[in-house]
file upload-v7.cif (mmCIF, C-alpha atoms)
data_upload
#
loop_
_atom_site.label_atom_id
_atom_site.label_comp_id
_atom_site.auth_asym_id
_atom_site.auth_seq_id
_atom_site.Cartn_x
_atom_site.Cartn_y
_atom_site.Cartn_z
CA MET A 1 0.00 0.00 0.00
CA ARG A 2 1.33 3.38 -0.91
CA HIS A 3 1.23 5.81 1.98
CA PRO A 4 0.68 9.57 1.73
CA LYS A 5 3.95 10.27 3.47
CA ASN A 6 5.66 9.53 0.19
CA GLU A 7 3.95 12.48 -1.48
CA SER A 8 5.32 15.99 -1.43
CA GLY A 9 3.84 19.48 -1.20
CA GLY A 10 0.26 20.45 -0.39
CA GLU A 11 -1.22 17.33 -1.96
CA GLY A 12 0.94 15.14 0.27
CA ARG A 13 -0.12 17.07 3.37
CA PHE A 14 -3.79 16.72 2.39
CA LYS A 15 -3.42 12.97 1.87
CA THR A 16 -1.59 12.62 5.16
CA ILE A 17 -4.41 14.31 7.06
CA PHE A 18 -7.17 12.23 5.42
CA ARG A 19 -5.31 8.99 4.81
CA ALA A 20 -7.67 6.81 6.88
CA LEU A 21 -10.46 7.61 4.41
CA GLN A 22 -8.73 5.39 1.84
CA TYR A 23 -10.34 2.43 3.63
CA ARG A 24 -13.87 1.74 2.34
CA ASN A 25 -15.25 0.56 5.69
CA TYR A 26 -13.92 3.52 7.61
CA ARG A 27 -15.15 5.92 4.91
CA LEU A 28 -18.70 4.54 5.14
CA PHE A 29 -18.72 4.74 8.91
CA PHE A 30 -17.16 8.21 8.92
CA PHE A 31 -19.86 9.85 6.80
CA GLY A 32 -22.77 7.90 8.29
CA GLN A 33 -21.71 8.67 11.84
CA GLY A 34 -21.02 12.29 10.90
CA ILE A 35 -24.64 12.88 9.84
CA SER A 36 -25.95 11.17 12.97
CA LEU A 37 -23.68 13.20 15.25
CA ILE A 38 -25.06 16.49 13.92
CA GLY A 39 -28.45 15.31 15.10
CA THR A 40 -26.99 14.19 18.43
CA TRP A 41 -25.45 17.59 19.13
CA THR A 42 -28.65 19.33 18.04
CA GLN A 43 -30.53 17.25 20.64
CA GLN A 44 -27.95 17.83 23.35
CA ILE A 45 -28.06 21.60 23.00
CA ALA A 46 -31.85 21.64 22.77
CA LEU A 47 -32.15 19.46 25.87
CA SER A 48 -29.93 21.73 27.97
CA TRP A 49 -31.86 24.78 26.80
CA LEU A 50 -35.19 23.07 27.49
CA VAL A 51 -34.15 22.15 31.03
CA TYR A 52 -32.96 25.66 31.84
CA SER A 53 -36.01 27.28 30.22
CA LEU A 54 -38.40 25.05 32.20
CA THR A 55 -36.67 25.39 35.57
CA GLY A 56 -34.06 28.16 35.52
CA SER A 57 -31.94 25.86 37.69
CA THR A 58 -28.21 25.23 37.28
CA VAL A 59 -28.62 22.37 39.77
CA LEU A 60 -31.08 20.61 37.43
CA LEU A 61 -28.73 21.23 34.50
CA GLY A 62 -26.06 19.39 36.42
CA THR A 63 -28.52 16.67 37.45
CA VAL A 64 -29.57 15.94 33.86
CA ALA A 65 -25.94 15.78 32.74
CA PHE A 66 -25.21 13.49 35.71
CA CYS A 67 -28.02 11.11 34.74
CA ASN A 68 -26.84 11.11 31.12
CA GLN A 69 -23.28 10.16 32.00
CA ILE A 70 -23.35 8.16 35.24
CA PRO A 71 -24.36 4.82 33.61
CA THR A 72 -20.94 4.75 31.91
CA LEU A 73 -19.25 4.45 35.28
CA PHE A 74 -21.37 1.57 36.57
CA LEU A 75 -21.96 -0.29 33.31
CA GLY A 76 -18.44 0.19 31.93
CA PRO A 77 -17.17 -3.21 33.13
CA PHE A 78 -20.06 -5.01 31.42
CA ALA A 79 -19.71 -2.93 28.24
CA GLY A 80 -15.96 -3.60 28.02
CA VAL A 81 -16.36 -7.34 28.42
CA ALA A 82 -19.19 -7.34 25.85
CA ALA A 83 -16.95 -5.48 23.38
CA ASP A 84 -14.29 -8.17 23.73
CA ARG A 85 -16.68 -11.14 23.74
CA PHE A 86 -19.21 -10.34 21.00
CA ASP A 87 -19.39 -9.02 17.43
CA ARG A 88 -18.78 -5.27 17.69
CA LYS A 89 -20.65 -4.38 14.52
CA GLN A 90 -23.84 -6.05 15.74
CA LEU A 91 -23.52 -4.37 19.12
CA LEU A 92 -23.21 -0.98 17.40
CA LEU A 93 -26.32 -1.64 15.31
CA TRP A 94 -28.25 -2.30 18.51
CA THR A 95 -26.97 0.74 20.40
CA GLN A 96 -27.64 3.11 17.49
CA ALA A 97 -31.16 1.72 16.92
CA LEU A 98 -32.03 2.11 20.61
CA ALA A 99 -30.67 5.68 20.63
CA MET A 100 -32.97 6.46 17.68
CA VAL A 101 -35.99 5.20 19.65
CA GLN A 102 -35.01 7.37 22.64
CA ALA A 103 -34.84 10.48 20.41
CA PHE A 104 -38.29 9.80 18.92
CA VAL A 105 -39.84 9.32 22.38
CA LEU A 106 -38.33 12.60 23.57
CA ALA A 107 -39.55 14.39 20.43
CA GLY A 108 -43.08 13.04 20.90
CA LEU A 109 -43.29 14.17 24.51
CA VAL A 110 -42.02 17.69 23.73
CA LEU A 111 -44.11 18.21 20.57
CA CYS A 112 -47.23 17.06 22.44
CA HIS A 113 -46.38 19.41 25.36
CA LEU A 114 -46.23 16.51 27.82
CA ILE A 115 -42.61 16.84 28.87
CA ARG A 116 -41.75 17.33 32.55
CA PRO A 117 -38.42 17.44 34.37
CA TRP A 118 -38.69 13.89 35.74
CA GLU A 119 -39.27 12.54 32.21
CA ILE A 120 -36.19 14.40 30.98
CA ILE A 121 -34.18 12.82 33.80
CA GLY A 122 -35.54 9.34 33.01
CA LEU A 123 -34.77 9.61 29.29
CA SER A 124 -31.31 10.94 30.14
CA VAL A 125 -30.67 7.74 32.12
CA VAL A 126 -31.88 5.71 29.13
CA ILE A 127 -29.54 7.36 26.61
CA GLY A 128 -26.72 7.24 29.17
CA THR A 129 -27.19 3.48 29.48
CA ILE A 130 -27.12 3.07 25.71
CA ASN A 131 -23.99 5.20 25.43
CA ALA A 132 -22.28 3.23 28.20
CA PHE A 133 -22.18 0.27 25.80
CA ASP A 134 -21.82 2.26 22.58
CA ILE A 135 -18.64 4.18 23.48
CA PRO A 136 -16.18 1.33 24.20
CA VAL A 137 -17.62 -0.78 21.38
CA ARG A 138 -17.32 2.05 18.84
CA GLN A 139 -13.81 2.97 19.99
CA SER A 140 -12.70 -0.67 19.75
CA PHE A 141 -14.25 -1.05 16.30
CA VAL A 142 -12.04 1.60 14.66
CA LEU A 143 -9.01 -0.66 14.17
CA ALA A 144 -11.14 -3.25 12.35
CA MET A 145 -12.05 -0.60 9.77
CA VAL A 146 -8.60 0.88 9.08
CA GLU A 147 -6.80 -2.49 8.77
CA HIS A 148 -3.28 -1.15 9.43
CA LYS A 149 -2.31 -0.03 12.92
CA GLU A 150 -0.04 2.80 11.76
CA ASP A 151 -3.17 4.59 10.47
CA LEU A 152 -5.07 4.12 13.73
CA GLY A 153 -4.01 7.49 15.14
CA ASN A 154 -5.13 9.23 11.98
CA ALA A 155 -8.50 7.44 12.07
CA ILE A 156 -9.02 8.45 15.71
CA ALA A 157 -8.12 12.06 14.90
CA LEU A 158 -10.51 12.10 11.93
CA SER A 159 -13.26 10.58 14.06
CA SER A 160 -12.66 13.33 16.60
CA ALA A 161 -12.76 15.91 13.79
CA MET A 162 -16.06 14.42 12.61
CA PHE A 163 -17.42 14.60 16.17
CA ASN A 164 -16.39 18.23 16.48
CA CYS A 165 -17.64 19.27 13.04
CA ALA A 166 -20.99 17.99 14.27
CA ARG A 167 -20.36 19.85 17.51
CA LEU A 168 -19.82 23.01 15.46
CA ILE A 169 -22.84 22.56 13.19
CA GLY A 170 -25.28 21.03 15.69
CA PRO A 171 -25.37 23.88 18.27
CA ALA A 172 -25.77 26.54 15.56
CA VAL A 173 -28.59 24.55 13.96
CA ALA A 174 -30.18 23.97 17.38
CA GLY A 175 -30.07 27.68 18.21
CA LEU A 176 -31.83 28.58 14.96
CA LEU A 177 -34.41 25.78 15.25
CA ILE A 178 -35.21 26.53 18.90
CA SER A 179 -35.76 30.20 18.11
CA ALA A 180 -38.01 29.38 15.13
CA PHE A 181 -39.85 26.16 16.10
CA GLY A 182 -38.96 25.17 19.66
CA GLU A 183 -36.96 22.29 21.08
CA GLY A 184 -39.17 19.42 19.86
CA ILE A 185 -38.10 19.63 16.22
CA CYS A 186 -34.45 19.20 17.30
CA PHE A 187 -35.22 15.86 18.93
CA LEU A 188 -37.19 14.72 15.87
CA ILE A 189 -34.30 15.58 13.53
CA ASN A 190 -31.91 13.65 15.76
CA GLY A 191 -34.11 10.55 15.54
CA ILE A 192 -34.18 10.72 11.75
CA SER A 193 -30.41 11.25 11.56
CA PHE A 194 -29.74 7.77 12.98
CA VAL A 195 -30.90 6.28 9.67
CA ALA A 196 -27.57 7.38 8.13
CA VAL A 197 -25.33 5.58 10.62
CA LEU A 198 -27.50 2.44 10.64
CA ALA A 199 -27.29 2.25 6.84
CA ALA A 200 -23.51 2.81 6.94
CA LEU A 201 -22.99 0.07 9.52
CA GLN A 202 -25.04 -2.37 7.46
CA ALA A 203 -22.79 -1.64 4.47
CA VAL A 204 -19.52 -2.10 6.43
CA ARG A 205 -17.81 -5.42 5.70
CA VAL A 206 -15.18 -6.49 8.21
CA GLU A 207 -13.64 -9.85 8.96
CA GLU A 208 -15.26 -11.57 11.89
CA ARG A 209 -13.02 -11.60 14.91
CA PRO A 210 -12.31 -15.03 16.37
CA GLY A 211 -14.56 -15.48 19.36
CA ARG A 212 -12.69 -14.94 22.62
CA ALA A 213 -13.30 -17.72 25.08
CA ARG A 214 -14.99 -16.70 28.31
CA LYS A 215 -12.49 -16.73 31.14
CA GLY A 216 -15.03 -16.52 33.96
CA ARG A 217 -17.37 -13.95 35.42
CA VAL A 218 -17.73 -10.53 33.86
CA LEU A 219 -16.17 -8.67 36.78
CA GLY A 220 -13.29 -11.15 36.83
CA GLU A 221 -12.53 -10.47 33.17
CA PHE A 222 -12.81 -6.73 33.76
CA ARG A 223 -10.44 -6.96 36.74
CA GLU A 224 -7.88 -8.55 34.41
CA ALA A 225 -7.92 -5.37 32.29
CA VAL A 226 -7.62 -3.17 35.38
CA VAL A 227 -4.51 -5.08 36.50
CA TYR A 228 -3.11 -4.82 32.97
CA ALA A 229 -3.62 -1.02 32.94
CA ARG A 230 -2.13 -0.57 36.42
CA ARG A 231 1.01 -2.47 35.47
CA PHE A 232 1.66 -0.29 32.42
CA GLU A 233 2.17 3.12 33.96
CA PRO A 234 1.58 5.30 30.85
CA ILE A 235 -1.97 3.96 30.44
CA MET A 236 -2.79 4.52 34.10
CA ALA A 237 -1.30 8.04 34.09
CA ILE A 238 -3.35 8.98 31.04
CA LEU A 239 -6.54 7.62 32.60
CA VAL A 240 -5.94 9.61 35.78
CA MET A 241 -5.30 12.80 33.79
CA LEU A 242 -8.55 12.23 31.87
CA SER A 243 -10.40 11.88 35.17
CA VAL A 244 -8.99 15.19 36.40
CA PHE A 245 -10.20 16.89 33.24
CA ALA A 246 -13.61 15.18 33.44
CA LEU A 247 -14.11 16.29 37.04
CA ALA A 248 -12.80 19.85 36.88
CA GLY A 249 -12.67 20.93 33.22
CA SER A 250 -15.53 19.43 31.24
CA PRO A 251 -18.38 20.89 33.38
CA TYR A 252 -17.90 24.22 31.59
CA MET A 253 -20.26 22.84 28.92
CA VAL A 254 -22.98 22.21 31.50
CA LEU A 255 -22.73 25.78 32.80
CA MET A 256 -22.78 27.36 29.35
CA PRO A 257 -26.57 28.08 29.22
CA ALA A 258 -26.33 29.97 32.52
CA PHE A 259 -23.22 31.85 31.32
CA ALA A 260 -24.94 32.81 28.04
CA LYS A 261 -28.06 34.08 29.83
CA ASN A 262 -26.78 35.57 33.06
CA VAL A 263 -23.28 36.80 32.20
CA LEU A 264 -23.55 37.73 28.50
CA HIS A 265 -27.31 38.42 28.69
CA GLY A 266 -27.88 36.43 25.49
CA ASN A 267 -30.39 33.90 24.19
CA ALA A 268 -30.39 30.45 22.55
CA ASN A 269 -28.39 31.79 19.60
CA THR A 270 -25.71 33.10 21.98
CA TYR A 271 -25.50 29.72 23.64
CA GLY A 272 -25.28 27.96 20.28
CA PHE A 273 -22.46 30.20 19.04
CA LEU A 274 -20.47 29.79 22.27
CA MET A 275 -20.63 26.02 21.95
CA SER A 276 -19.83 26.21 18.24
CA SER A 277 -16.70 28.27 18.94
CA SER A 278 -15.45 25.56 21.26
CA GLY A 279 -16.30 23.00 18.59
CA LEU A 280 -14.37 24.93 15.95
CA GLY A 281 -11.31 24.95 18.17
CA ALA A 282 -11.67 21.21 18.70
CA ILE A 283 -11.77 20.68 14.92
CA ALA A 284 -8.52 22.63 14.59
CA GLY A 285 -7.00 20.41 17.27
CA THR A 286 -7.99 17.21 15.47
CA ILE A 287 -6.61 18.50 12.16
CA TYR A 288 -3.30 19.14 13.92
CA LEU A 289 -3.30 15.57 15.27
CA ALA A 290 -4.36 14.07 11.92
CA SER A 291 -1.43 15.79 10.22
CA ARG A 292 1.04 13.88 12.41
CA LYS A 293 2.64 10.90 10.66
CA ASN A 294 2.80 8.75 13.82
CA SER A 295 2.11 8.77 17.54
CA ARG A 296 5.70 8.95 18.77
CA GLY A 297 6.14 11.85 21.21
CA LEU A 298 2.38 12.40 21.49
CA ILE A 299 2.55 11.86 25.25
CA LYS A 300 4.11 15.34 25.57
CA ALA A 301 1.00 16.96 24.13
CA ILE A 302 -1.21 15.78 27.02
CA PRO A 303 0.06 17.99 29.89
CA LEU A 304 0.65 20.93 27.55
CA ALA A 305 -2.92 20.74 26.27
CA ALA A 306 -4.35 20.36 29.79
CA GLY A 307 -2.44 23.42 30.99
CA VAL A 308 -3.53 25.54 28.02
CA PHE A 309 -7.12 24.44 28.55
CA GLY A 310 -7.02 25.58 32.18
CA ALA A 311 -5.57 28.97 31.22
CA ALA A 312 -8.15 29.46 28.45
CA MET A 313 -11.05 28.60 30.77
CA ALA A 314 -9.79 31.04 33.40
CA ALA A 315 -9.58 33.81 30.79
CA PHE A 316 -13.07 32.90 29.52
CA ALA A 317 -14.54 33.06 33.02
CA LEU A 318 -13.06 36.54 33.61
CA SER A 319 -14.11 37.99 30.25
CA HIS A 320 -17.01 40.43 29.82
CA SER A 321 -16.80 40.53 26.01
CA ALA A 322 -18.68 38.07 23.80
CA VAL A 323 -15.88 38.30 21.20
CA LEU A 324 -13.20 37.43 23.75
CA CYS A 325 -15.38 34.60 25.09
CA LEU A 326 -15.54 33.11 21.60
CA LEU A 327 -11.76 33.41 21.22
CA PHE A 328 -10.99 31.75 24.57
CA LEU A 329 -13.53 28.99 23.92
CA PHE A 330 -11.82 28.30 20.59
CA LEU A 331 -8.52 27.86 22.44
CA ALA A 332 -10.20 25.72 25.10
CA GLY A 333 -11.76 23.50 22.45
CA PHE A 334 -8.43 23.09 20.65
CA SER A 335 -6.56 22.07 23.80
CA MET A 336 -9.39 19.90 25.14
CA MET A 337 -9.58 17.81 21.99
CA THR A 338 -5.79 17.60 21.71
CA GLN A 339 -5.66 16.09 25.19
CA ILE A 340 -8.57 13.66 24.68
CA ALA A 341 -7.63 12.46 21.18
CA SER A 342 -3.94 12.12 22.10
CA SER A 343 -4.92 10.02 25.11
CA ASN A 344 -7.19 7.82 22.97
CA THR A 345 -4.53 7.35 20.29
CA ILE A 346 -1.76 6.35 22.70
CA ILE A 347 -3.94 3.89 24.60
CA GLN A 348 -5.34 2.25 21.45
CA THR A 349 -1.88 2.05 19.90
CA VAL A 350 -0.21 0.25 22.79
CA VAL A 351 -3.05 -1.92 24.17
CA ASP A 352 -3.19 -5.68 23.51
CA GLU A 353 -5.98 -6.58 21.07
CA ASP A 354 -7.60 -9.17 23.34
CA LYS A 355 -8.06 -6.49 26.02
CA ARG A 356 -8.96 -3.57 23.73
CA GLY A 357 -12.67 -3.45 24.55
CA ARG A 358 -12.14 -3.61 28.30
CA VAL A 359 -9.33 -1.05 28.34
CA MET A 360 -11.46 1.30 26.20
CA SER A 361 -14.25 0.87 28.72
CA LEU A 362 -11.73 2.07 31.34
CA TYR A 363 -11.05 5.03 29.04
CA ALA A 364 -14.81 5.73 28.82
CA MET A 365 -15.23 5.36 32.58
CA SER A 366 -12.32 7.72 33.30
CA LEU A 367 -13.75 10.37 31.00
CA MET A 368 -17.52 9.96 30.59
CA GLY A 369 -17.95 8.07 33.88
CA VAL A 370 -16.36 10.83 35.96
CA MET A 371 -17.99 13.71 34.06
CA PRO A 372 -21.37 13.35 35.84
CA PHE A 373 -19.74 13.99 39.20
CA GLY A 374 -18.08 17.08 37.77
CA SER A 375 -21.38 18.21 36.22
CA LEU A 376 -23.34 17.68 39.43
CA LEU A 377 -20.66 19.34 41.54
CA ALA A 378 -20.31 22.29 39.16
CA GLY A 379 -24.09 22.82 39.01
CA SER A 380 -24.37 22.76 42.79
CA VAL A 381 -21.35 25.00 43.40
CA ALA A 382 -22.43 27.48 40.70
CA GLY A 383 -25.84 27.75 42.39
CA LYS A 384 -24.08 28.90 45.56
CA ILE A 385 -21.07 30.96 44.47
CA GLY A 386 -21.87 31.75 40.82
CA VAL A 387 -20.78 30.52 37.41
CA ARG A 388 -17.53 32.48 37.13
CA PRO A 389 -15.90 31.37 40.41
CA THR A 390 -16.87 27.77 39.63
CA LEU A 391 -15.16 27.93 36.22
CA LEU A 392 -12.04 29.50 37.77
CA ALA A 393 -11.77 26.74 40.37
CA GLY A 394 -12.01 24.07 37.69
CA ALA A 395 -9.38 25.82 35.58
CA ALA A 396 -6.94 25.90 38.51
CA ILE A 397 -7.36 22.15 39.11
CA CYS A 398 -6.68 21.40 35.42
CA VAL A 399 -3.45 23.42 35.50
CA ALA A 400 -2.31 21.66 38.68
CA GLY A 401 -3.01 18.24 37.15
CA ALA A 402 -1.04 19.18 34.05
CA ALA A 403 1.94 20.19 36.16
CA VAL A 404 1.97 16.83 38.00
CA PHE A 405 1.73 14.89 34.72
CA ALA A 406 4.51 16.96 33.16
CA GLY A 407 6.80 16.01 36.03
CA ARG A 408 6.38 12.33 35.11
CA LEU A 409 6.95 12.78 31.38
CA PRO A 410 10.57 11.50 31.20
CA ARG A 411 9.62 8.21 32.89
CA LEU A 412 6.46 7.74 30.80
CA GLY A 413 8.32 8.55 27.57
CA ASN A 414 11.01 5.97 28.33
CA MET A 415 8.35 3.30 28.91
CA LEU A 416 6.56 4.09 25.62
CA HIS A 417 9.72 4.28 23.49
CA PRO A 418 10.23 0.51 22.96
CA VAL A 419 6.53 0.02 22.18
CA PHE A 420 6.52 2.59 19.37
CA SER A 421 9.86 1.32 18.09
CA ARG A 422 8.39 -2.18 17.67
CA LEU A 423 5.32 -0.80 15.91
CA GLU A 424 7.43 1.27 13.49
CA ALA A 425 9.66 -1.73 12.78
CA GLY A 426 6.60 -3.85 12.01
CA SER A 427 5.23 -1.18 9.65
CA ALA A 428 8.56 -0.95 7.81
CA ASP A 429 8.63 -4.73 7.29
CA ARG A 430 5.34 -4.76 5.34
#

call {"tool": "encode", "arguments": {"input": "upload-v7.cif", "output": "structure tokens"}}
result
Amino acid sequence: MRHPKNESGGEGRFKTIFRALQYRNYRLFFFGQGISLIGTWTQQIALSWLVYSLTGSTVLLGTVAFCNQIPTLFLGPFAGVAADRFDRKQLLLWTQALAMVQAFVLAGLVLCHLIRPWEIIGLSVVIGTINAFDIPVRQSFVLAMVEHKEDLGNAIALSSAMFNCARLIGPAVAGLLISAFGEGICFLINGISFVAVLAALQAVRVEERPGRARKGRVLGEFREAVVYARRFEPIMAILVMLSVFALAGSPYMVLMPAFAKNVLHGNANTYGFLMSSSGLGAIAGTIYLASRKNSRGLIKAIPLAAGVFGAAMAAFALSHSAVLCLLFLFLAGFSMMTQIASSNTIIQTVVDEDKRGRVMSLYAMSLMGVMPFGSLLAGSVAGKIGVRPTLLAGAAICVAGAAVFAGRLPRLGNMLHPVFSRLEAGSADR
């Protein structure tokens, strides 16, 4: 196979960035999932706005986010084992179909003016349960679609770019639709958008993985992956750093409706554009990562990105100007996605294939599983001391975590060096 790195000039750079799209299976999944994710972000923004419009409560904003994300923490062990035991494509078909049903139920309740806060909380638990299984399965499925491991980092970066393009488009669309038609139409559009990813998954043709023999109880198999991660220090350090970000950094998204209304005195459009600015920065971050030819040295990007994120969030919290807020959110989005995608790439590159699903469930638990505690805490604290001080406290914790991680970089780099050397040697031999 001829790789883009052999090209020169602008065309070579373009091919390097998008090289994972040369694989038919990944290409199908990329575009199908991209359409669906626009609908998903449209629903997410509309749901946050609906909750705040109905209740005016930052506590309930945090509660809904908590209910959406907490299933990942408790169901992660089962999801990881399922991803290693069963056919990942079939599991994805089920999770996406169930997510479509959830969106249609939510749309029906809102359009018929029957929606109440407890129903929003219940449906948030439902989609959180679905996502608890979907995330590790989908992350583990990427390698099956790109075929060659040296392109895995590029595929992860492109998937992150796809996610954040949707994150850019979805909030802007949601803001316009909410202003014109209300929140219900956003949920209906999300339900319809799942048709694209279901069709793409049906068209994907991958070799069936050999069935992995059951080694015992689910929790016993999951414990095996935990021991594996603990013994390889770079994986454990990355997971801890993700948890710090999830607890202290990510809740800024939950507080954004309150910031848009109470600090900037804006409306749904203001909220949509703030979220889109963060999404645009995240896209820029993924393009930077996709342009890299390999993952060697990527560990250094994690503490740098975490520190920049903390500084950007502090500047955002202190700003009174909408223009400056957009600028700082762009920087925050860039650094946030650089940290998350770099972490994903390193873990997926070095993990053993027979433990991939379970280790990716640890990844999901460290990020999505911890986020609900950060969301609930941020909503509660913001209700007492205000949005700005809450954002500043989270930013300070992110910077402190980055400093601790940076102090361990030499040791972590030395442990990763032989792994990447073996991978590069294997790629050169083909």

call {"tool": "resolve_selection", "arguments": {"input": "upload-v7.cif", "expression": "the PyMOL selection byres ((chain A and resi 200) around 12)", "output": "ChimeraX atom specification"}}
result
/A:24-36,89,92-93,96,193-199,201-205

call {"tool": "residues_around", "arguments": {"input": "upload-v7.cif", "residues": "Asn190 of chain A", "least_positions_apart": "3", "cutoff": "8 Å", "atoms": "only C-alpha atoms", "output": "PyMOL selection string"}}
result
chain A and resi 36+38-40+42-43+100+103+186-187+193-194

call {"tool": "atom_distance", "arguments": {"input": "upload-v7.cif", "atom1": "atom CA of Ile235 of chain A", "atom2": "atom CA of Ile347 of chain A"}}
result
6.2 Å

call {"tool": "closest_residue", "arguments": {"input": "upload-v7.cif", "among": "A:Leu91, A:Lys355, A:Met256, A:Asn344", "to": "Tyr228 of chain A", "atoms": "all atoms listed in the file"}}
result
A:Lys355

call {"tool": "residues_around", "arguments": {"input": "upload-v7.cif", "residues": "Gly386 of chain A", "least_positions_apart": "3", "cutoff": "12 Å", "atoms": "all atoms listed in the file", "output": "list in words"}}
result
Thr58, Val59, Leu255, Ala258, Phe259, Asn262, Val263, Ala317, Ala378, Gly379, Ser380, Val381, Ala382, Gly383, Pro389, Thr390, Leu391, Leu392 and Ala393 of chain A

call {"tool": "closest_residue", "arguments": {"input": "upload-v7.cif", "among": "A:Phe245, A:Tyr363, A:Phe141, A:Phe420", "to": "Leu298 of chain A", "atoms": "all atoms listed in the file"}}
result
A:Phe420

call {"tool": "atom_distance", "arguments": {"input": "upload-v7.cif", "atom1": "atom CA of Tyr23 of chain A", "atom2": "atom CA of Asn154 of chain A"}}
result
12.0 Å

call {"tool": "residues_near_point", "arguments": {"input": "upload-v7.cif", "point": "(-9.6, -0.1, 13.3)", "cutoff": "12 Å", "atoms": "all atoms listed in the file", "output": "count of residues only"}}
result
38

call {"tool": "closest_residue", "arguments": {"input": "upload-v7.cif", "among": "A:Gly357, A:Gly249, A:Gly175, A:Gly281", "to": "Cys398 of chain A", "atoms": "all atoms listed in the file"}}
result
A:Gly249

call {"tool": "atom_distance", "arguments": {"input": "upload-v7.cif", "atom1": "atom CA of Val323 of chain A", "atom2": "atom CA of Ser342 of chain A"}}
result
28.8 Å

call {"tool": "resolve_selection", "arguments": {"input": "upload-v7.cif", "expression": "the PyMOL selection byres ((chain A and resi 129) around 10)", "output": "PyMOL selection string"}}
result
chain A and resi 67-76+79+95+99+123-128+130-134

call {"tool": "closest_residue", "arguments": {"input": "upload-v7.cif", "among": "A:Gly80, A:Gly184, A:Pro303, A:Gly374", "to": "Gly407 of chain A", "atoms": "all atoms listed in the file"}}
result
A:Pro303

call {"tool": "resolve_selection", "arguments": {"input": "upload-v7.cif", "expression": "the PyMOL selection byres ((chain A and resi 222) around 9)", "output": "ChimeraX atom specification"}}
result
/A:77-78,80-81,217-221,223-227,358-359

call {"tool": "write_last_selection", "arguments": {"input": "upload-v7.cif", "atoms": "C-alpha atoms", "output": "compact mmCIF listing (two decimals), keeping the file's coordinate frame"}}
result
# COMPACT_ATOMS: atom_id res chain seq x y z
CA PRO A 77 -17.17 -3.21 33.13
CA PHE A 78 -20.06 -5.01 31.42
CA GLY A 80 -15.96 -3.60 28.02
CA VAL A 81 -16.36 -7.34 28.42
CA ARG A 217 -17.37 -13.95 35.42
CA VAL A 218 -17.73 -10.53 33.86
CA LEU A 219 -16.17 -8.67 36.78
CA GLY A 220 -13.29 -11.15 36.83
CA GLU A 221 -12.53 -10.47 33.17
CA ARG A 223 -10.44 -6.96 36.74
CA GLU A 224 -7.88 -8.55 34.41
CA ALA A 225 -7.92 -5.37 32.29
CA VAL A 226 -7.62 -3.17 35.38
CA VAL A 227 -4.51 -5.08 36.50
CA ARG A 358 -12.14 -3.61 28.30
CA VAL A 359 -9.33 -1.05 28.34

call {"tool": "residues_around", "arguments": {"input": "upload-v7.cif", "residues": "Ala322 of chain A", "least_positions_apart": "2", "cutoff": "12 Å", "atoms": "all atoms listed in the file", "output": "list in words"}}
result
Phe259, Ala260, Lys261, Val263, Leu264, His265, Gly266, Thr270, Tyr271, Phe273, Leu274, Ser277, Phe316, Ala317, Leu318, Ser319, His320, Leu324, Cys325, Leu326, Leu327, Phe328 and Leu329 of chain A

call {"tool": "residues_around", "arguments": {"input": "upload-v7.cif", "residues": "Ser48 of chain A", "least_positions_apart": "3", "cutoff": "10 Å", "atoms": "only C-alpha atoms", "output": "list in words"}}
result
Gln43, Gln44, Ile45, Val51, Tyr52, Ser53, Leu60, Leu61, Gly62, Val64, Ala65, Glu183, Met253, Val254, Leu255, Met256 and Pro257 of chain A

call {"tool": "closest_residue", "arguments": {"input": "upload-v7.cif", "among": "A:Ala306, A:Ile340, A:Ala172, A:Val404", "to": "Ala268 of chain A", "atoms": "only C-alpha atoms"}}
result
A:Ala172
